[in-house]
file protein-v7.txt (compact mmCIF, N, CA and C atoms)
# COMPACT_ATOMS: atom_id res chain seq x y z
N MET V 1 -0.93 43.07 -46.85
CA MET V 1 -1.45 42.15 -47.85
C MET V 1 -2.47 41.20 -47.23
N SER V 2 -2.16 40.63 -46.09
CA SER V 2 -3.07 39.68 -45.47
C SER V 2 -4.34 40.37 -44.97
N TYR V 3 -4.22 41.67 -44.63
CA TYR V 3 -5.41 42.41 -44.20
C TYR V 3 -6.40 42.52 -45.34
N ASN V 4 -5.92 42.77 -46.55
CA ASN V 4 -6.80 42.86 -47.72
C ASN V 4 -7.46 41.52 -48.03
N VAL V 5 -6.71 40.45 -47.90
CA VAL V 5 -7.26 39.12 -48.16
C VAL V 5 -8.35 38.80 -47.14
N LYS V 6 -8.11 39.08 -45.88
CA LYS V 6 -9.10 38.81 -44.84
C LYS V 6 -10.36 39.65 -45.06
N ARG V 7 -10.14 40.90 -45.44
CA ARG V 7 -11.28 41.79 -45.66
C ARG V 7 -12.13 41.30 -46.83
N GLU V 8 -11.48 40.88 -47.92
CA GLU V 8 -12.22 40.36 -49.07
C GLU V 8 -12.96 39.08 -48.70
N THR V 9 -12.34 38.24 -47.92
CA THR V 9 -12.98 37.00 -47.49
C THR V 9 -14.21 37.30 -46.64
N VAL V 10 -14.12 38.25 -45.75
CA VAL V 10 -15.25 38.63 -44.91
C VAL V 10 -16.36 39.22 -45.77
N GLU V 11 -16.01 40.07 -46.73
CA GLU V 11 -17.02 40.67 -47.62
C GLU V 11 -17.73 39.60 -48.43
N ILE V 12 -16.99 38.66 -48.97
CA ILE V 12 -17.59 37.57 -49.75
C ILE V 12 -18.50 36.73 -48.86
N SER V 13 -18.07 36.45 -47.64
CA SER V 13 -18.88 35.66 -46.71
C SER V 13 -20.18 36.39 -46.38
N ILE V 14 -20.10 37.69 -46.18
CA ILE V 14 -21.30 38.47 -45.88
C ILE V 14 -22.27 38.44 -47.06
N VAL V 15 -21.76 38.57 -48.27
CA VAL V 15 -22.61 38.53 -49.46
C VAL V 15 -23.29 37.16 -49.59
N ILE V 16 -22.56 36.10 -49.36
CA ILE V 16 -23.13 34.75 -49.46
C ILE V 16 -24.21 34.55 -48.40
N ILE V 17 -23.93 34.96 -47.17
CA ILE V 17 -24.91 34.79 -46.10
C ILE V 17 -26.15 35.64 -46.37
N ALA V 18 -25.96 36.87 -46.84
CA ALA V 18 -27.11 37.73 -47.16
C ALA V 18 -27.94 37.13 -48.29
N SER V 19 -27.28 36.54 -49.28
CA SER V 19 -28.00 35.91 -50.39
C SER V 19 -28.84 34.73 -49.91
N ILE V 20 -28.26 33.91 -49.05
CA ILE V 20 -28.99 32.76 -48.51
C ILE V 20 -30.20 33.23 -47.71
N ILE V 21 -30.00 34.25 -46.88
CA ILE V 21 -31.12 34.77 -46.09
C ILE V 21 -32.20 35.34 -47.00
N ALA V 22 -31.81 36.06 -48.06
CA ALA V 22 -32.79 36.64 -48.99
C ALA V 22 -33.60 35.55 -49.68
N VAL V 23 -32.95 34.48 -50.09
CA VAL V 23 -33.67 33.39 -50.75
C VAL V 23 -34.65 32.73 -49.78
N LEU V 24 -34.21 32.50 -48.55
CA LEU V 24 -35.10 31.88 -47.56
C LEU V 24 -36.29 32.78 -47.25
N VAL V 25 -36.07 34.08 -47.15
CA VAL V 25 -37.17 35.02 -46.90
C VAL V 25 -38.16 34.99 -48.06
N MET V 26 -37.65 34.98 -49.29
CA MET V 26 -38.54 34.94 -50.46
C MET V 26 -39.36 33.66 -50.49
N ILE V 27 -38.76 32.55 -50.11
CA ILE V 27 -39.48 31.27 -50.13
C ILE V 27 -40.63 31.28 -49.13
N PHE V 28 -40.40 31.83 -47.95
CA PHE V 28 -41.42 31.77 -46.91
C PHE V 28 -42.41 32.92 -46.94
N ILE V 29 -42.06 34.05 -47.53
CA ILE V 29 -42.97 35.20 -47.50
C ILE V 29 -43.88 35.25 -48.72
N PHE V 30 -43.34 35.03 -49.91
CA PHE V 30 -44.16 35.13 -51.12
C PHE V 30 -45.21 34.04 -51.13
N PRO V 31 -46.45 34.40 -51.48
CA PRO V 31 -47.53 33.39 -51.46
C PRO V 31 -47.35 32.36 -52.57
N ARG V 32 -47.73 31.18 -52.24
CA ARG V 32 -47.71 30.09 -53.23
C ARG V 32 -49.09 29.98 -53.84
N GLN V 33 -49.14 29.53 -55.07
CA GLN V 33 -50.44 29.35 -55.71
C GLN V 33 -51.13 28.15 -55.09
N GLN V 34 -52.37 28.37 -54.71
CA GLN V 34 -53.15 27.30 -54.10
C GLN V 34 -54.07 26.70 -55.16
N GLY V 35 -54.41 25.46 -54.99
CA GLY V 35 -55.35 24.83 -55.88
C GLY V 35 -54.83 23.51 -56.41
N ARG V 36 -55.66 22.91 -57.22
CA ARG V 36 -55.30 21.63 -57.83
C ARG V 36 -55.20 21.81 -59.32
N TYR V 37 -54.28 21.11 -59.91
CA TYR V 37 -54.05 21.18 -61.35
C TYR V 37 -54.11 19.77 -61.90
N TYR V 38 -54.89 19.62 -62.95
CA TYR V 38 -55.06 18.31 -63.56
C TYR V 38 -54.52 18.32 -64.98
N ASP V 39 -54.00 17.19 -65.39
CA ASP V 39 -53.52 17.02 -66.75
C ASP V 39 -54.68 16.51 -67.59
N CYS V 40 -55.11 17.31 -68.56
CA CYS V 40 -56.26 16.92 -69.37
C CYS V 40 -55.96 15.71 -70.26
N GLY V 41 -54.70 15.42 -70.47
CA GLY V 41 -54.34 14.24 -71.25
C GLY V 41 -54.71 12.95 -70.54
N MET V 42 -54.76 13.00 -69.23
CA MET V 42 -55.09 11.81 -68.45
C MET V 42 -56.55 11.80 -68.00
N ALA V 43 -57.29 12.85 -68.31
CA ALA V 43 -58.63 13.00 -67.75
C ALA V 43 -59.58 11.89 -68.16
N GLU V 44 -59.48 11.39 -69.35
CA GLU V 44 -60.44 10.39 -69.83
C GLU V 44 -60.25 9.02 -69.20
N TRP V 45 -59.04 8.67 -68.90
CA TRP V 45 -58.83 7.29 -68.45
C TRP V 45 -58.46 7.18 -66.97
N HIS V 46 -58.07 8.27 -66.32
CA HIS V 46 -57.63 8.18 -64.93
C HIS V 46 -58.83 8.16 -63.98
N PRO V 47 -58.92 7.17 -63.09
CA PRO V 47 -60.10 7.05 -62.22
C PRO V 47 -60.18 8.09 -61.10
N ASP V 48 -59.09 8.74 -60.76
CA ASP V 48 -59.09 9.69 -59.64
C ASP V 48 -59.50 11.10 -60.04
N ILE V 49 -59.68 11.36 -61.32
CA ILE V 49 -60.03 12.71 -61.77
C ILE V 49 -61.55 12.86 -61.72
N PRO V 50 -62.05 13.91 -61.05
CA PRO V 50 -63.50 14.09 -60.91
C PRO V 50 -64.20 14.34 -62.25
N ASN V 51 -65.50 14.07 -62.27
CA ASN V 51 -66.28 14.23 -63.50
C ASN V 51 -66.33 15.68 -63.98
N LYS V 52 -66.37 16.65 -63.08
CA LYS V 52 -66.39 18.05 -63.48
C LYS V 52 -65.13 18.40 -64.25
N VAL V 53 -64.01 17.89 -63.81
CA VAL V 53 -62.74 18.15 -64.50
C VAL V 53 -62.75 17.50 -65.87
N LYS V 54 -63.29 16.29 -65.94
CA LYS V 54 -63.37 15.61 -67.24
C LYS V 54 -64.22 16.41 -68.22
N GLU V 55 -65.34 16.95 -67.74
CA GLU V 55 -66.21 17.74 -68.61
C GLU V 55 -65.51 19.02 -69.07
N GLU V 56 -64.80 19.68 -68.17
CA GLU V 56 -64.07 20.89 -68.55
C GLU V 56 -62.98 20.58 -69.56
N CYS V 57 -62.29 19.47 -69.37
CA CYS V 57 -61.24 19.08 -70.32
C CYS V 57 -61.84 18.79 -71.69
N ARG V 58 -62.99 18.13 -71.72
CA ARG V 58 -63.65 17.88 -73.00
C ARG V 58 -64.02 19.19 -73.69
N LYS V 59 -64.53 20.15 -72.90
CA LYS V 59 -64.92 21.44 -73.44
C LYS V 59 -63.70 22.17 -74.02
N ILE V 60 -62.60 22.15 -73.29
CA ILE V 60 -61.37 22.80 -73.77
C ILE V 60 -60.86 22.14 -75.03
N ARG V 61 -60.91 20.80 -75.05
CA ARG V 61 -60.45 20.06 -76.23
C ARG V 61 -61.27 20.38 -77.47
N THR V 62 -62.61 20.47 -77.31
CA THR V 62 -63.45 20.77 -78.47
C THR V 62 -63.23 22.20 -78.95
N GLU V 63 -63.01 23.16 -78.01
CA GLU V 63 -62.72 24.53 -78.42
C GLU V 63 -61.40 24.59 -79.19
N ASN V 64 -60.39 23.90 -78.71
CA ASN V 64 -59.10 23.89 -79.41
C ASN V 64 -59.23 23.23 -80.77
N PHE V 65 -60.04 22.18 -80.86
CA PHE V 65 -60.24 21.49 -82.13
C PHE V 65 -60.92 22.41 -83.14
N LYS V 66 -61.93 23.14 -82.68
CA LYS V 66 -62.64 24.07 -83.57
C LYS V 66 -61.71 25.19 -84.04
N GLU V 67 -60.87 25.69 -83.15
CA GLU V 67 -59.93 26.74 -83.53
C GLU V 67 -58.93 26.23 -84.57
N ASN V 68 -58.49 25.00 -84.42
CA ASN V 68 -57.55 24.44 -85.38
C ASN V 68 -58.18 24.21 -86.74
N LEU V 69 -59.48 23.92 -86.77
CA LEU V 69 -60.17 23.73 -88.05
C LEU V 69 -60.29 25.05 -88.81
N GLN V 70 -60.41 26.15 -88.08
CA GLN V 70 -60.61 27.45 -88.72
C GLN V 70 -59.31 28.07 -89.22
N LYS V 71 -58.18 27.59 -88.78
CA LYS V 71 -56.90 28.14 -89.22
C LYS V 71 -56.63 27.73 -90.66
N PRO V 72 -56.14 28.66 -91.49
CA PRO V 72 -55.80 28.29 -92.86
C PRO V 72 -54.55 27.40 -92.87
N LYS V 73 -54.54 26.50 -93.84
CA LYS V 73 -53.40 25.58 -93.94
C LYS V 73 -52.42 26.02 -94.98
call {"tool": "encode", "arguments": {"input": "protein-v7.txt", "output": "structure tokens"}}
result
Amino acid sequence: MSYNVKRETVEISIVIIASIIAVLVMIFIFPRQQGRYYDCGMAEWHPDIPNKVKEECRKIRTENFKENLQKPK
């Protein structure tokens, strides 16, 4: 009886350790997305957002506004 309990405990421990190693490998091997992301809701008033980003946000906002006007109500 105790042999079965020890064996199950070892198997569970191996599965847990393998899972932890797999997660760590995935974190370090898979590439992360590079770049900067800006919130267009803050683009007009936030001083740290560059002018190019502000212009792009304005362009996106006007396109979305035009699309919403064309949708039937």
call {"tool": "residues_around", "arguments": {"input": "protein-v7.txt", "residues": "Arg58 in chain V", "least_positions_apart": "6", "cutoff": "10 Å", "atoms": "only C-alpha atoms", "output": "JSON, numbers by chain"}}
result
{"V": [40, 43, 44, 52, 64]}
call {"tool": "atom_distance", "arguments": {"input": "protein-v7.txt", "atom1": "CA of Pro47 in chain V", "atom2": "CA of Arg61 in chain V"}}
result
19.1 Å
call {"tool": "atom_distance", "arguments": {"input": "protein-v7.txt", "atom1": "atom N of Tyr37 in chain V", "atom2": "CA of Val53 in chain V"}}
result
10.1 Å
call {"tool": "atom_distance", "arguments": {"input": "protein-v7.txt", "atom1": "CA of Glu56 in chain V", "atom2": "CA of Gln33 in chain V"}}
result
20.5 Å
call {"tool": "select_by_dssp", "arguments": {"input": "protein-v7.txt", "residues": "range 16-55 of chain V", "states": "helix (DSSP H, G or I)", "output": "ChimeraX atom specification"}}
result
/V:16-29,51-55
call {"tool": "closest_residue", "arguments": {"input": "protein-v7.txt", "among": "V:Asp39, V:Ala18, V:Lys71, V:Arg7", "to": "Cys57 in chain V", "atoms": "all atoms listed in the file"}}
result
V:Asp39
call {"tool": "closest_residue", "arguments": {"input": "protein-v7.txt", "among": "V:Gly41, V:Val23, V:Ser13, V:Phe28", "to": "Ile60 in chain V", "atoms": "only C-alpha atoms"}}
result
V:Gly41
